[in-house]
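Asks: Below is one structure. I have some questions about it.
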Amino acid sequence: MRLAFTLGTLASLQFVVGLALQLAVFALLGAGEQTDAWVAAQAVPFVLATISAVSFQGAWQGRFAVVGERQDEWIAAQRVAQGQVLMLTGSIAAGLVATASLWVPLLFPGLSLKQWSLTTSMTCILLPACVLNAQSALFASALRGRDGFVIAEVVILIGALIGIALTVALLDRYGVVAAAWAQLARSVLVFVASYLIGGRPTPSLRGALRDRTGWRLSAPILIGSTFYKTGPIVDRYWTSLAPAGGMTTFNLMQLGMGAVASVLERALCVPAIPSLARLADTSDHAGMRKLYRQRLVRVGIAVGIVLLTLLAVRPWWGSLVGSLLRIDADAAASTWWLCIVLVGYLYPAAAGSIVVSSFQALHDTLTPVRIGTIGFALSLLLKAAGFLSAGLPGLAAAIAVHYMGNMVVMTWLLERRLNREGSRCSNRLPK
């Protein structure tokens, strides 16, 4: 409980600082063309970093946990893992930078010519930052493999504080582009600190190429997540077609829910991931079921508290959000309804990782990818229908249905898998 409280506190602080960064940009500039370009510029770098982090963390988290107590093996594993991340993420980021002026107008058709130019410039700054973020995410996984949960979160928090300080200091003088440069500086500092704390594991490109296990485990996640983790880009496509400022307000509400989900995930789910790997390694499938179900219940209780809080603050919501984003009362009131609908997204976003990690602990990286890919394909239709029929609230409802549907199906499949594995172990016991 003490670890969960500490991690929850650190994650909450990260949430506050991350949200404060976006609010600082929106409050100083006002929700409009510049902030819409800022939101658009973050989309592709965020998705690339997420795909890389999810794929390689899924492939390596269990391995880090198993070798965590053996210093030499732990460092060697990090060198190989970091080499794989650098090879893949770095090459993709370089290609995206070189072609940014071509794909930015295609992804955000509702933006103006001036916004396209601004989005392209900031994207080319944020893509190198995303490569460093992917490397830092793997350092954090390695530290968690040695139960170094707190130090991993502290490094991220300090980096976020530096990032917002730089943004606030430079934004008024240099405009919204300063926010992108501040994020690059933050990524550099977090990477350097994580590298030093992680034992200075220089990426091994030769070892990365030779490690078939890492590629084999990460390949299904990479292939699948290339599809279903691009959801934020689809969201930005539709929100770019909303009136000026619509992309900004929708992103802020979605960001807020995503940040709360991250807090709950890190406090309630992440501490259980190494234990899941160890339970799977000893074929304790009953222990795995008990642990992951326990975390699902805890996340559910926390999400219920969030919903009650939203209901309680409704009388003051419009005036608060309106003053922060410089939008009218009706637009501010509509953001509350967006949050209510997005509570349906909050639960699976917070609890889904414990289900996915259970599959990964069983060395099954393919099942979550299959479900995610099918769910993403269906979500394209849902989002199109939702936005075209009901605008931004319809898009929010489609997102909630998509995430909740994936969660239900994966939980059902995990229960079947654990029952099957438990039966196999029972049959092997001497009678």
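In the structure tokens, chains take letters A, B, ... by order of appearance, with residues numbered from 1 within each chain and ligands from 1 in the order shown.
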Write out as a ChimeraX atom specification each polymer residue whose atoms come within 12 Å of range 113-121 of chain A, counting only C-alpha atoms; drop sequence neighbours fewer than 4 positions from it.
Replies: /A:32-45,96-109,125-127,175-181,240,244
Asks: Need the shell around Val401 in chain A: protein/DNA/RNA residues with any atom at most 12 Å away, counting only C-alpha atoms. Skip same-chain ones fewer than 5 positions apart. Format as a PyMOL selection string?
Replies: chain A and resi 341-349+375-376+378-383+386+394-396+406-408
Asks: Output the selection as an mmCIF file, in the first residue's frame - C-alpha atoms for each residue.
Replies:
data_model
loop_
_atom_site.group_PDB
_atom_site.id
_atom_site.type_symbol
_atom_site.label_atom_id
_atom_site.label_comp_id
_atom_site.auth_asym_id
_atom_site.auth_seq_id
_atom_site.Cartn_x
_atom_site.Cartn_y
_atom_site.Cartn_z
ATOM 1 C CA VAL A 341 -18.765 10.635 -21.856
ATOM 2 C CA LEU A 342 -14.996 10.028 -21.681
ATOM 3 C CA VAL A 343 -15.346 8.358 -18.272
ATOM 4 C CA GLY A 344 -16.238 5.325 -20.371
ATOM 5 C CA TYR A 345 -12.745 5.601 -21.866
ATOM 6 C CA LEU A 346 -11.066 6.221 -18.505
ATOM 7 C CA TYR A 347 -11.613 2.770 -16.994
ATOM 8 C CA PRO A 348 -10.187 0.636 -19.837
ATOM 9 C CA ALA A 349 -7.380 3.146 -20.394
ATOM 10 C CA GLY A 375 -11.082 -2.994 -32.414
ATOM 11 C CA PHE A 376 -9.216 -0.208 -34.189
ATOM 12 C CA LEU A 378 -14.206 -1.054 -36.071
ATOM 13 C CA SER A 379 -13.446 2.233 -34.320
ATOM 14 C CA LEU A 380 -12.782 3.946 -37.652
ATOM 15 C CA LEU A 381 -16.413 3.424 -38.562
ATOM 16 C CA LEU A 382 -17.603 4.337 -35.067
ATOM 17 C CA LYS A 383 -15.641 7.603 -35.021
ATOM 18 C CA GLY A 386 -20.064 9.599 -34.205
ATOM 19 C CA GLY A 394 -20.279 11.780 -30.805
ATOM 20 C CA LEU A 395 -16.552 11.327 -31.320
ATOM 21 C CA ALA A 396 -16.063 11.052 -27.544
ATOM 22 C CA ASN A 406 -11.539 -4.039 -26.363
ATOM 23 C CA MET A 407 -11.273 -4.362 -22.590
ATOM 24 C CA VAL A 408 -14.267 -6.688 -22.282
#
Asks: With only C-alpha atoms as the atoms that count, which of A:Val234, A:Val297, A:Ala333, A:Leu414 lies nearest to Thr367 in chain A?
Replies: A:Leu414
Asks: Need the shell around Gln135 in chain A: protein/DNA/RNA residues with any atom at most 8 Å away, counting only C-alpha atoms. Skip same-chain ones fewer than 6 positions apart. Format as number ranges by chain?
Replies: A: 53, 82, 85-86, 191
Asks: Distance CA of Phe227 in chain A-CA of Val369 in chain A, one decimal place?
Replies: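 Interatomic distance here is 9.4 Å.
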Asks: Find the spatial neighbours of Val154 in chain A, counting only C-alpha atoms, within a cut-off of 10 Å - ignore same-chain residues fewer than 2 positions away - and output them as an NGL selection string.
Replies: :A and (7 or 10-11 or 13-14 or 149-152 or 156-160)
Asks: Among range 168-333 of chain A, which residues carry a DSSP assignment of helix (DSSP H, G or I), reported as a PyMOL selection string?
Replies: chain A and resi 168-174+177-197+205-210+212-228+231-239+246-281+285-312+314-325+329-333
Asks: My list of candidates is A:Ser262, A:Ser389, A:Ser319, A:Ser112. Which is closest to Pro243 in chain A when distances are computed with only C-alpha atoms?
Replies: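 Of A:Ser262, A:Ser389, A:Ser319, A:Ser112, the one nearest Pro243 in chain A is A:Ser112, counting only C-alpha atoms.
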Asks: Expressed in Å to a single decimal, how great is the separation between CA of Ala350 in chain A and CA of Gln183 in chain A?
Replies: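 Distance reported for this atom pair: 24.6 Å.
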Asks: Which of these, A:Trp412, A:Phe26, A:Phe46, A:Tyr403, has the shortest distance to Val131 in chain A once you count only C-alpha atoms?
Replies: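 With only C-alpha atoms as the atom set, the closest residue is A:Phe46.
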Asks: Fewer than 3 positions away in the same chain doesn't count, so skip those; otherwise give me all residues within 8 Å of Glu265 in chain A, counting only C-alpha atoms, as a list in words.
Replies: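 Non-adjacent residues within range: Ala261, Ser262, Leu268, Cys269, Val270, Val299, Ala350, Ala351 and Ser353 of chain A.
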Asks: Export C-alpha atoms of the chosen residues as a PDB file, in the first residue's frame?
Replies:
ATOM      1  CA  ALA A 261      -5.800   7.049 -16.418  1.00  0.00           C
ATOM      2  CA  SER A 262      -2.016   7.217 -16.293  1.00  0.00           C
ATOM      3  CA  LEU A 268      -2.587   0.447  -9.138  1.00  0.00           C
ATOM      4  CA  CYS A 269      -1.432  -1.616 -12.140  1.00  0.00           C
ATOM      5  CA  VAL A 270       2.251  -0.989 -12.869  1.00  0.00           C
ATOM      6  CA  VAL A 299      -9.299   0.828 -10.686  1.00  0.00           C
ATOM      7  CA  ALA A 350      -6.342   2.775 -16.733  1.00  0.00           C
ATOM      8  CA  ALA A 351      -6.978  -0.951 -16.243  1.00  0.00           C
ATOM      9  CA  SER A 353      -2.484  -2.580 -19.097  1.00  0.00           C
TER      10      SER A 353
END
Asks: Fewer than 2 positions away in the same chain doesn't count, so skip those; otherwise give me all residues within 12 Å of Ala134 in chain A, counting only C-alpha atoms, as a PyMOL selection string.
Replies: chain A and resi 45-57+81-90+93+127-132+136-141+187-188+190-191+194
